[in-house]
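Down below is the structure, laid out as structure tokens.
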Amino acid sequence: MSVHLPGPAWHADVVGKLHRTARQRPNCPAIIDRHGTTSFCDLYVAAARQAQELETHPDHGAGVTVLRATPSAEFFIQVCAALMAGRTPLVLPARVPEAAALRAVQAARRGGCRPWKAVLAVSGHGQVPVLTHGESPAAPRKARALGILPGGRALFAAPMYLNGPFEFALRQLLLGGCIILAPRFEAKQWLENVVGHKPDWAFLVPTQIQQVWDACPPRGFRSACSSLRLLVHSSAPCPPQLRRRLAAALGPARVAEYYGTTLYDGTFSPYTSRSAGDTPLPGTELRIVDPSRWPVAAGAQGTIEGRSRAGLISHRTDQPCTGRSEWQSVGDLGKRIKDTDRIEVTDVAVPGRAIVAGIKVAVAETHDTLFAHPAVQSCEIRVSPHDRFGSVLSAVVQTTDPTLTPAVLRTWCAQRLTPPQRPHAIELRRTAALDHTTL
């Protein structure tokens with residue numbers, strides 16, 4: 001079954017790649033999840049059938065398909081179906097309201113933008129939809145630069161609504177490789193997946209790596225990870241002590257650090273690199289600027305900006321789609337190493353933002369969600385260090401309602417926020433009584 005629809009520039013490339021892989025590797029595993037194995041033939045047939053259904057139904061989404069991300073084959077079948085139908089998959093967490101993001105992506109498409117993905121990203125004091133188009137996701141440039149190879153096996157234990165894991169997994173699939181999706185991250189389960197499925201590429205964040213390291217002795221870690229050609233970590237700098245342990249256990253050539261954002265490609269550096277800073281990915285331009293967006297001298301700290309020379313275009317939905325890559329920034333700080341193109345990232349924890357379990361969150365969103373509860377008079381959100389998650393949010397809430405409890409507020413947040421956005425602890429301060437309750 002084939003789908004032939006007019007669409008954006010990347011459409012024919014994606015459809016052709018899925019069709020060729022299904023024809024050439026029909027019985028090879030494409031996706032392994034907790035339900036079992038989905039072959040490339042099964043993936044293509046199911047996605048093509050869903051694409052035809054999308055084509056025959058009224059397009060009330062104006063070319064946008066809202067998908068709730070799950071670590072499952074069914075989710076990626078839906079993603080492939082949307083792409084095969086020339087639609088934009090808007091990838092969202094399970095409980096986050098979709099109306100505002102959907103309207104924003106629809107408006108961008110009506111303006112002529114044809115993105116192959118739309119995700120939420122932390123920008124400023126909140127999450128905003130970010131679109132990616134231009135260079136096809138089936139193009140091998142970025143995947144190969146990150147060590148993702150055709151026919152390889154990649155293990156993921158991260159939420160698929162996050163830009164990095166979602167994009168890496170999709171690129172591995174489109175290279176004809178297999179993705180292994182853990183339902184959630186648990187250190188012992190991750191080790192069992194590595195031993196049982198023998199991936200050659202895996203992605204973790206430093207707090208997860210620390211938990212895996214703590215779950216078994218160094219010799220056990222080395223033995224369990226014997227199939228890994230490359231372990232990639234991102235989201236926050238790896239602590240120096242853990243970095244040394246990884247290099248000693250696996251060898252520096254088998255561990256690499258990736259720095260990147262939803263708005264631009266970043267840097268990639270194996271532990272074998274002896275020079276300071278990290279090298280930009282091929283096709284990527286990075287610069288360090290002052291508050292007026294003027295480039296600063298080498299060695300001086302400033303804001304990192306990036307853009308693509310390879311045709312990969314990303315922008316917020318409230319920015320015009322110019323058809324070319326513009327300088328973009330998420331506020332991370334860094335400096336350029338003198339007489340090189342290498343960039344050293346110096347700070348990703350900018351004001352108003354926290355990194356919880358490797359995931360960037362906007363503090364204002366947690367505040368606004370709690371403050372929207374009718375019994376909350378005021379609230380304060382604090383960021384605190386945490387041994388397991390790196391940092392967590394906590395809330396101090398003022399109320400006059402004698403029936404309000406931390407459990408009620410936890411339920412309120414669970415219905416509106418992702419787990420990293422939710423307060424780890426909630427302290428209630430009642431202004432009309434002496435009662436004082438702490439979670």
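Naming works like this for the structure tokens: A, B, ... for the chains as they're shown, residue 1 at the start of each chain, ligands 1 onward in shown order.
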
Next on the checklist: Could you pull out the alpha helix (DSSP H) residues of range 93-329 of chain A, going by DSSP on the backbone, and write them as JSON, numbers by chain?
Outcome noted: {"A": [99, 100, 101, 102, 103, 104, 105, 106, 107, 108, 109, 110, 141, 142, 143, 144, 145, 163, 164, 165, 166, 167, 168, 169, 170, 171, 172, 173, 174, 187, 188, 189, 190, 191, 192, 193, 194, 195, 196, 197, 206, 207, 208, 209, 210, 211, 212, 213, 214, 215, 218, 219, 220, 221, 222, 223, 224, 240, 241, 242, 243, 244, 245, 246, 247, 248, 249, 250]}

Checklist entry - Near Pro165 in chain A, counting only C-alpha atoms, which residues have an atom at most 12 Å away, once you skip same-chain residues fewer than 2 positions from it, shown as a PyMOL selection string? => result chain A and resi 69-71+91+119+143+154-163+167-172+179-182+202-205+232-235+258+260-262+358-359

Next on the checklist: Residues near range 42-45 of chain A, anyone? I mean within 9 Å using only C-alpha atoms, not counting same-chain ones fewer than 6 positions away, as a PyMOL selection string.
Outcome noted: chain A and resi 1-2+18-19+21-22+26-27+30-31+73-74+76-77+80-81

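Nearest residue to His133 in chain A among A:Ala249, A:Val296, A:Ala9, A:Ala372 is A:Ala9, counting only C-alpha atoms.
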
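For the residues A:Trp190, A:Gly147, A:Leu228, A:Arg316, ranking by smallest atom-to-atom distance to Pro270 in chain A using only C-alpha atoms places A:Gly147 first.
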
Check the DSSP output for the backbone and give back, as a CSV table (one decimal) with N, CA, C and O atoms, in the first residue's frame, the residues of range 87-281 of chain A in strand (DSSP E or B).
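To be explicit, this is the file written out as out.csv:
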chain,number,residue,atom,x,y,z
A,88,THR,N,1.2,17.9,9.9
A,88,THR,CA,2.1,18.2,11.0
A,88,THR,C,1.7,17.5,12.3
A,88,THR,O,0.7,17.8,12.8
A,89,PRO,N,2.5,16.5,12.8
A,89,PRO,CA,2.2,16.0,14.1
A,89,PRO,C,2.6,17.0,15.2
A,89,PRO,O,3.7,17.4,15.3
A,90,LEU,N,1.6,17.3,16.0
A,90,LEU,CA,1.8,18.2,17.1
A,90,LEU,C,1.9,17.3,18.3
A,90,LEU,O,0.9,16.7,18.8
A,91,VAL,N,3.1,17.1,18.8
A,91,VAL,CA,3.4,16.1,19.9
A,91,VAL,C,3.3,16.8,21.2
A,91,VAL,O,4.0,17.7,21.5
A,92,LEU,N,2.4,16.3,22.1
A,92,LEU,CA,2.1,16.9,23.4
A,92,LEU,C,2.2,15.8,24.5
A,92,LEU,O,1.9,14.6,24.2
A,117,LYS,N,7.3,18.6,12.2
A,117,LYS,CA,7.0,18.4,13.6
A,117,LYS,C,6.7,19.7,14.4
A,117,LYS,O,7.2,20.8,14.0
A,118,ALA,N,5.9,19.6,15.4
A,118,ALA,CA,5.6,20.7,16.3
A,118,ALA,C,5.6,20.2,17.7
A,118,ALA,O,5.0,19.2,18.0
A,119,VAL,N,6.4,20.8,18.6
A,119,VAL,CA,6.6,20.3,19.9
A,119,VAL,C,6.5,21.6,20.8
A,119,VAL,O,6.7,22.7,20.4
A,120,LEU,N,6.3,21.4,22.1
A,120,LEU,CA,6.4,22.4,23.1
A,120,LEU,C,7.8,22.6,23.6
A,120,LEU,O,8.4,21.6,23.9
A,121,ALA,N,8.3,23.8,23.7
A,121,ALA,CA,9.6,24.0,24.2
A,121,ALA,C,9.6,25.2,25.2
A,121,ALA,O,8.8,26.1,25.0
A,122,VAL,N,10.5,25.1,26.2
A,122,VAL,CA,10.6,26.2,27.2
A,122,VAL,C,11.3,27.4,26.5
A,122,VAL,O,12.4,27.3,26.0
A,123,SER,N,10.6,28.5,26.5
A,123,SER,CA,11.2,29.7,25.9
A,123,SER,C,10.6,30.9,26.7
A,123,SER,O,9.4,31.1,26.9
A,126,GLY,N,7.7,30.5,29.7
A,126,GLY,CA,6.7,29.4,29.5
A,126,GLY,C,7.0,28.5,28.4
A,126,GLY,O,8.1,28.6,27.8
A,127,GLN,N,6.1,27.6,28.1
A,127,GLN,CA,6.2,26.7,27.0
A,127,GLN,C,5.5,27.2,25.8
A,127,GLN,O,4.4,27.7,25.9
A,128,VAL,N,6.1,27.2,24.6
A,128,VAL,CA,5.5,27.6,23.4
A,128,VAL,C,5.7,26.6,22.3
A,128,VAL,O,6.7,25.8,22.3
A,129,PRO,N,4.8,26.5,21.3
A,129,PRO,CA,5.0,25.6,20.2
A,129,PRO,C,6.2,26.0,19.3
A,129,PRO,O,6.3,27.2,19.0
A,130,VAL,N,7.0,25.1,19.0
A,130,VAL,CA,8.1,25.3,18.1
A,130,VAL,C,8.0,24.4,16.9
A,130,VAL,O,7.7,23.2,17.1
A,131,LEU,N,8.1,24.9,15.7
A,131,LEU,CA,8.0,24.2,14.5
A,131,LEU,C,9.3,23.9,13.8
A,131,LEU,O,10.3,24.7,14.0
A,132,THR,N,9.4,22.7,13.2
A,132,THR,CA,10.7,22.4,12.5
A,132,THR,C,10.3,22.0,11.1
A,132,THR,O,9.4,21.1,10.9
A,133,HIS,N,11.0,22.5,10.1
A,133,HIS,CA,10.8,22.1,8.7
A,133,HIS,C,12.0,22.3,7.9
A,133,HIS,O,13.1,22.3,8.5
A,134,GLY,N,11.9,22.5,6.6
A,134,GLY,CA,13.1,22.6,5.8
A,134,GLY,C,13.7,21.2,5.5
A,134,GLY,O,13.1,20.3,5.0
A,153,ARG,N,20.5,0.0,16.5
A,153,ARG,CA,19.5,-0.2,17.6
A,153,ARG,C,19.7,0.9,18.6
A,153,ARG,O,20.8,1.0,19.2
A,154,ALA,N,18.7,1.7,18.9
A,154,ALA,CA,18.8,2.8,19.8
A,154,ALA,C,17.8,2.6,21.0
A,154,ALA,O,16.6,2.4,20.7
A,155,LEU,N,18.3,2.8,22.2
A,155,LEU,CA,17.4,2.6,23.4
A,155,LEU,C,17.1,4.0,24.0
A,155,LEU,O,17.9,4.8,24.2
A,156,PHE,N,15.8,4.2,24.3
A,156,PHE,CA,15.3,5.4,24.8
A,156,PHE,C,14.5,5.1,26.1
A,156,PHE,O,13.6,4.2,26.1
A,178,CYS,N,16.3,0.3,14.4
A,178,CYS,CA,15.3,-0.1,15.4
A,178,CYS,C,15.3,0.8,16.6
A,178,CYS,O,16.4,1.1,17.1
A,179,ILE,N,14.2,1.2,17.2
A,179,ILE,CA,14.1,1.9,18.4
A,179,ILE,C,13.5,1.0,19.5
A,179,ILE,O,12.5,0.4,19.3
A,180,ILE,N,14.2,1.1,20.7
A,180,ILE,CA,13.7,0.3,21.8
A,180,ILE,C,13.2,1.3,22.8
A,180,ILE,O,13.9,2.2,23.3
A,181,LEU,N,11.9,1.2,23.2
A,181,LEU,CA,11.2,2.2,24.0
A,181,LEU,C,10.9,1.7,25.4
A,181,LEU,O,10.1,0.7,25.5
A,201,TRP,N,23.3,2.0,20.6
A,201,TRP,CA,23.3,3.5,20.9
A,201,TRP,C,22.2,3.7,21.9
A,201,TRP,O,21.1,3.1,21.9
A,202,ALA,N,22.5,4.5,22.9
A,202,ALA,CA,21.5,4.8,24.0
A,202,ALA,C,21.6,6.3,24.4
A,202,ALA,O,22.7,6.9,24.3
A,203,PHE,N,20.5,6.8,24.8
A,203,PHE,CA,20.4,8.2,25.2
A,203,PHE,C,20.0,8.3,26.7
A,203,PHE,O,18.9,7.7,27.0
A,204,LEU,N,20.7,9.0,27.5
A,204,LEU,CA,20.3,9.3,28.9
A,204,LEU,C,20.7,10.7,29.3
A,204,LEU,O,21.4,11.4,28.6
A,230,LEU,N,27.9,3.5,21.6
A,230,LEU,CA,27.9,4.9,22.0
A,230,LEU,C,26.8,5.2,23.0
A,230,LEU,O,25.6,4.8,22.8
A,231,LEU,N,27.1,5.8,24.2
A,231,LEU,CA,26.2,6.3,25.2
A,231,LEU,C,26.2,7.8,25.1
A,231,LEU,O,27.3,8.4,25.4
A,232,VAL,N,25.1,8.4,24.7
A,232,VAL,CA,25.0,9.8,24.6
A,232,VAL,C,24.2,10.4,25.7
A,232,VAL,O,23.2,9.9,26.1
A,233,HIS,N,24.7,11.5,26.3
A,233,HIS,CA,24.0,12.2,27.3
A,233,HIS,C,23.8,13.7,27.0
A,233,HIS,O,24.6,14.2,26.2
A,255,VAL,N,31.5,7.2,24.9
A,255,VAL,CA,30.7,8.1,25.6
A,255,VAL,C,30.8,9.5,24.9
A,255,VAL,O,31.9,9.9,24.6
A,256,ALA,N,29.6,10.2,24.8
A,256,ALA,CA,29.7,11.5,24.1
A,256,ALA,C,28.6,12.4,24.7
A,256,ALA,O,27.6,11.9,25.3
A,257,GLU,N,28.9,13.7,24.7
A,257,GLU,CA,27.9,14.7,25.2
A,257,GLU,C,27.3,15.5,24.1
A,257,GLU,O,28.1,15.9,23.1
A,258,TYR,N,26.0,15.6,24.1
A,258,TYR,CA,25.3,16.4,23.1
A,258,TYR,C,24.7,17.7,23.7
A,258,TYR,O,24.1,17.6,24.8
A,259,TYR,N,25.0,18.8,23.1
A,259,TYR,CA,24.3,20.0,23.6
A,259,TYR,C,23.4,20.5,22.4
A,259,TYR,O,24.0,20.7,21.3
A,267,THR,N,26.1,21.1,19.6
A,267,THR,CA,27.4,20.5,19.6
A,267,THR,C,27.4,19.1,19.9
A,267,THR,O,26.4,18.6,20.6
A,268,PHE,N,28.4,18.4,19.6
A,268,PHE,CA,28.6,16.9,19.9
A,268,PHE,C,30.0,16.7,20.1
A,268,PHE,O,30.9,17.0,19.3
A,269,SER,N,30.4,16.0,21.2
A,269,SER,CA,31.8,15.8,21.6
A,269,SER,C,31.9,14.5,22.3
A,269,SER,O,31.5,14.3,23.4
A,270,PRO,N,32.6,13.5,21.7
A,270,PRO,CA,33.0,12.3,22.4
A,270,PRO,C,34.0,12.6,23.5
A,270,PRO,O,34.7,13.6,23.5
A,278,ASP,N,33.1,22.2,22.9
A,278,ASP,CA,32.6,21.1,22.0
A,278,ASP,C,32.4,21.7,20.6
A,278,ASP,O,32.2,22.9,20.4
A,279,THR,N,32.5,20.8,19.6
A,279,THR,CA,32.4,21.2,18.2
A,279,THR,C,31.0,21.2,17.7
A,279,THR,O,30.2,20.3,18.0
A,280,PRO,N,30.6,22.3,17.0
A,280,PRO,CA,29.3,22.3,16.4
A,280,PRO,C,29.0,21.2,15.5
A,280,PRO,O,30.0,20.7,14.8

Next on the checklist: Using only C-alpha atoms, which protein or nucleic acid residues come within 8 Å of range 416-422 of chain A? Drop anything in the same chain fewer than 3 positions from it, and give the result as a ChimeraX atom specification.
Outcome noted: /A:93-97,356-357,359,361-363,365-366,369,392-393,410,412-413

Would you mind exporting N, CA and C atoms of the selected residues as an mmCIF file, in the first residue's frame?
data_model
loop_
_atom_site.group_PDB
_atom_site.id
_atom_site.type_symbol
_atom_site.label_atom_id
_atom_site.label_comp_id
_atom_site.auth_asym_id
_atom_site.auth_seq_id
_atom_site.Cartn_x
_atom_site.Cartn_y
_atom_site.Cartn_z
ATOM 1 N N PRO A 93 2.461 16.255 25.723
ATOM 2 C CA PRO A 93 2.334 15.353 26.870
ATOM 3 C C PRO A 93 0.882 14.945 27.071
ATOM 4 N N ALA A 94 0.683 13.951 27.909
ATOM 5 C CA ALA A 94 -0.644 13.361 28.067
ATOM 6 C C ALA A 94 -1.699 14.344 28.543
ATOM 7 N N ARG A 95 -1.385 15.199 29.522
ATOM 8 C CA ARG A 95 -2.432 15.978 30.172
ATOM 9 C C ARG A 95 -2.394 17.468 29.856
ATOM 10 N N VAL A 96 -1.443 17.900 29.069
ATOM 11 C CA VAL A 96 -1.344 19.330 28.782
ATOM 12 C C VAL A 96 -2.470 19.742 27.832
ATOM 13 N N PRO A 97 -3.226 20.813 28.137
ATOM 14 C CA PRO A 97 -4.291 21.264 27.232
ATOM 15 C C PRO A 97 -3.741 21.553 25.843
ATOM 16 N N VAL A 356 14.724 19.636 35.862
ATOM 17 C CA VAL A 356 14.270 18.612 36.798
ATOM 18 C C VAL A 356 14.386 17.257 36.110
ATOM 19 N N ALA A 357 15.215 16.385 36.655
ATOM 20 C CA ALA A 357 15.440 15.058 36.061
ATOM 21 C C ALA A 357 15.835 15.170 34.592
ATOM 22 N N ILE A 359 14.997 17.553 32.503
ATOM 23 C CA ILE A 359 13.971 18.178 31.669
ATOM 24 C C ILE A 359 13.834 19.646 32.056
ATOM 25 N N VAL A 361 12.051 23.034 32.646
ATOM 26 C CA VAL A 361 10.694 23.464 32.978
ATOM 27 C C VAL A 361 10.705 24.965 33.236
ATOM 28 N N ALA A 362 9.602 25.608 32.890
ATOM 29 C CA ALA A 362 9.431 27.031 33.157
ATOM 30 C C ALA A 362 8.746 27.182 34.510
ATOM 31 N N VAL A 363 9.410 27.833 35.450
ATOM 32 C CA VAL A 363 8.885 27.981 36.807
ATOM 33 C C VAL A 363 7.551 28.715 36.798
ATOM 34 N N GLU A 365 5.129 28.557 34.739
ATOM 35 C CA GLU A 365 3.975 27.710 34.401
ATOM 36 C C GLU A 365 3.463 26.971 35.626
ATOM 37 N N THR A 366 4.375 26.495 36.457
ATOM 38 C CA THR A 366 3.948 25.838 37.688
ATOM 39 C C THR A 366 3.251 26.837 38.608
ATOM 40 N N THR A 369 -0.253 27.673 37.211
ATOM 41 C CA THR A 369 -1.192 26.559 37.368
ATOM 42 C C THR A 369 -1.717 26.472 38.793
ATOM 43 N N VAL A 392 14.494 20.133 41.986
ATOM 44 C CA VAL A 392 13.043 19.946 42.018
ATOM 45 C C VAL A 392 12.390 21.278 42.355
ATOM 46 N N LEU A 393 11.091 21.359 42.075
ATOM 47 C CA LEU A 393 10.303 22.523 42.439
ATOM 48 C C LEU A 393 9.556 22.258 43.741
ATOM 49 N N ARG A 410 -2.041 18.506 44.634
ATOM 50 C CA ARG A 410 -1.288 17.541 43.823
ATOM 51 C C ARG A 410 -2.159 17.016 42.684
ATOM 52 N N TRP A 412 -4.732 18.546 41.334
ATOM 53 C CA TRP A 412 -4.916 19.689 40.426
ATOM 54 C C TRP A 412 -3.718 19.802 39.462
ATOM 55 N N CYS A 413 -2.514 19.703 40.005
ATOM 56 C CA CYS A 413 -1.313 19.813 39.168
ATOM 57 C C CYS A 413 -1.154 18.614 38.250
#

Checklist entry - If you count only C-alpha atoms, which residues fall within 10 Å of range 300-310 of chain A, apart from same-chain ones fewer than 2 positions away, as a PyMOL selection string? => result chain A and resi 134-135+141-142+260-261+263-266+280-291+293-298+312-314+324-338+343-347

Checklist entry - Excluding same-chain residues fewer than 2 positions from Val396 in chain A, what lies within 7 Å of it counting only C-alpha atoms, as number ranges by chain? => result A: 379-381, 398, 426-428

Selection above as a file: N, CA and C atoms, as an mmCIF file, in the first residue's frame:
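Contents of part.cif, as written:
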data_model
loop_
_atom_site.group_PDB
_atom_site.id
_atom_site.type_symbol
_atom_site.label_atom_id
_atom_site.label_comp_id
_atom_site.auth_asym_id
_atom_site.auth_seq_id
_atom_site.Cartn_x
_atom_site.Cartn_y
_atom_site.Cartn_z
ATOM 1 N N CYS A 379 0.984 32.180 45.722
ATOM 2 C CA CYS A 379 1.916 31.060 45.856
ATOM 3 C C CYS A 379 3.310 31.497 45.428
ATOM 4 N N GLU A 380 4.290 30.781 45.926
ATOM 5 C CA GLU A 380 5.689 31.012 45.575
ATOM 6 C C GLU A 380 6.307 29.681 45.185
ATOM 7 N N ILE A 381 7.015 29.653 44.050
ATOM 8 C CA ILE A 381 7.678 28.438 43.591
ATOM 9 C C ILE A 381 9.179 28.583 43.808
ATOM 10 N N GLN A 398 -0.510 30.192 49.902
ATOM 11 C CA GLN A 398 -1.358 30.903 50.862
ATOM 12 C C GLN A 398 -2.823 30.628 50.534
ATOM 13 N N ILE A 426 4.658 20.638 48.764
ATOM 14 C CA ILE A 426 3.705 21.752 48.852
ATOM 15 C C ILE A 426 3.496 22.104 50.324
ATOM 16 N N GLU A 427 3.723 23.342 50.643
ATOM 17 C CA GLU A 427 3.503 23.844 52.008
ATOM 18 C C GLU A 427 2.310 24.790 51.985
ATOM 19 N N LEU A 428 1.323 24.498 52.830
ATOM 20 C CA LEU A 428 0.126 25.342 52.930
ATOM 21 C C LEU A 428 0.252 26.284 54.118
#

Checklist entry - Skipping near chain neighbours, those fewer than 4 positions away, what residues fall within 9 Å of Pro29 in chain A using only C-alpha atoms, listed as a list in words? => result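 The filter keeps Arg25, Thr37, Thr38, Ser39, Phe40, Gly177, Cys178 and Ile179 of chain A.
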
How about saving the chosen residues, all heavy atoms kept, as a short mmCIF file (atom, residue, chain, number, x, y, z; two decimals), in the first residue's frame?
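Listing of out_5.cif after writing:
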data_model
loop_
_atom_site.label_atom_id
_atom_site.label_comp_id
_atom_site.auth_asym_id
_atom_site.auth_seq_id
_atom_site.Cartn_x
_atom_site.Cartn_y
_atom_site.Cartn_z
N ARG A 25 13.52 -4.45 4.21
CA ARG A 25 13.73 -5.08 5.52
C ARG A 25 12.39 -5.38 6.18
O ARG A 25 12.12 -4.96 7.30
CB ARG A 25 14.55 -4.16 6.42
CG ARG A 25 15.82 -3.60 5.77
CD ARG A 25 16.66 -2.84 6.78
NE ARG A 25 17.23 -3.76 7.75
CZ ARG A 25 17.54 -3.41 9.01
NH1 ARG A 25 17.28 -2.19 9.45
NH2 ARG A 25 18.07 -4.30 9.84
N THR A 37 7.35 -6.63 19.53
CA THR A 37 8.12 -6.12 18.41
C THR A 37 7.23 -5.81 17.22
O THR A 37 6.35 -6.61 16.87
CB THR A 37 9.19 -7.14 17.99
OG1 THR A 37 10.07 -7.39 19.10
CG2 THR A 37 10.01 -6.63 16.81
N THR A 38 7.45 -4.66 16.62
CA THR A 38 6.75 -4.26 15.39
C THR A 38 7.77 -4.21 14.26
O THR A 38 8.78 -3.52 14.36
CB THR A 38 6.11 -2.87 15.56
OG1 THR A 38 5.18 -2.90 16.64
CG2 THR A 38 5.39 -2.45 14.28
N SER A 39 7.50 -4.96 13.19
CA SER A 39 8.43 -5.00 12.07
C SER A 39 8.24 -3.77 11.18
O SER A 39 7.25 -3.04 11.29
CB SER A 39 8.20 -6.26 11.23
OG SER A 39 6.95 -6.18 10.55
N PHE A 40 9.19 -3.54 10.27
CA PHE A 40 9.07 -2.40 9.35
C PHE A 40 7.88 -2.58 8.42
O PHE A 40 7.23 -1.60 8.05
CB PHE A 40 10.36 -2.22 8.55
CG PHE A 40 11.41 -1.45 9.29
CD1 PHE A 40 12.48 -2.10 9.87
CD2 PHE A 40 11.30 -0.08 9.44
CE1 PHE A 40 13.44 -1.38 10.57
CE2 PHE A 40 12.25 0.65 10.14
CZ PHE A 40 13.33 -0.01 10.71
N GLY A 177 16.66 1.88 11.19
CA GLY A 177 17.12 1.28 12.44
C GLY A 177 15.97 1.00 13.38
O GLY A 177 14.85 1.47 13.18
N CYS A 178 16.27 0.26 14.43
CA CYS A 178 15.27 -0.14 15.43
C CYS A 178 15.34 0.77 16.64
O CYS A 178 16.44 1.13 17.09
CB CYS A 178 15.52 -1.59 15.84
SG CYS A 178 14.49 -2.18 17.21
N ILE A 179 14.19 1.16 17.18
CA ILE A 179 14.15 1.91 18.42
C ILE A 179 13.53 1.04 19.52
O ILE A 179 12.54 0.35 19.30
CB ILE A 179 13.38 3.24 18.28
CG1 ILE A 179 11.95 3.02 17.78
CG2 ILE A 179 14.11 4.18 17.35
CD1 ILE A 179 11.11 4.31 17.76
#

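Shortest atom-to-atom contact with Val105 in chain A among A:Cys321, A:Cys41, A:Leu146, A:Met84: A:Cys321, counting only C-alpha atoms.
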
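Nearest residue to Phe389 in chain A, choosing from A:Arg229, A:Gln210, A:Ala46, A:Pro217 and counting only C-alpha atoms: A:Gln210.
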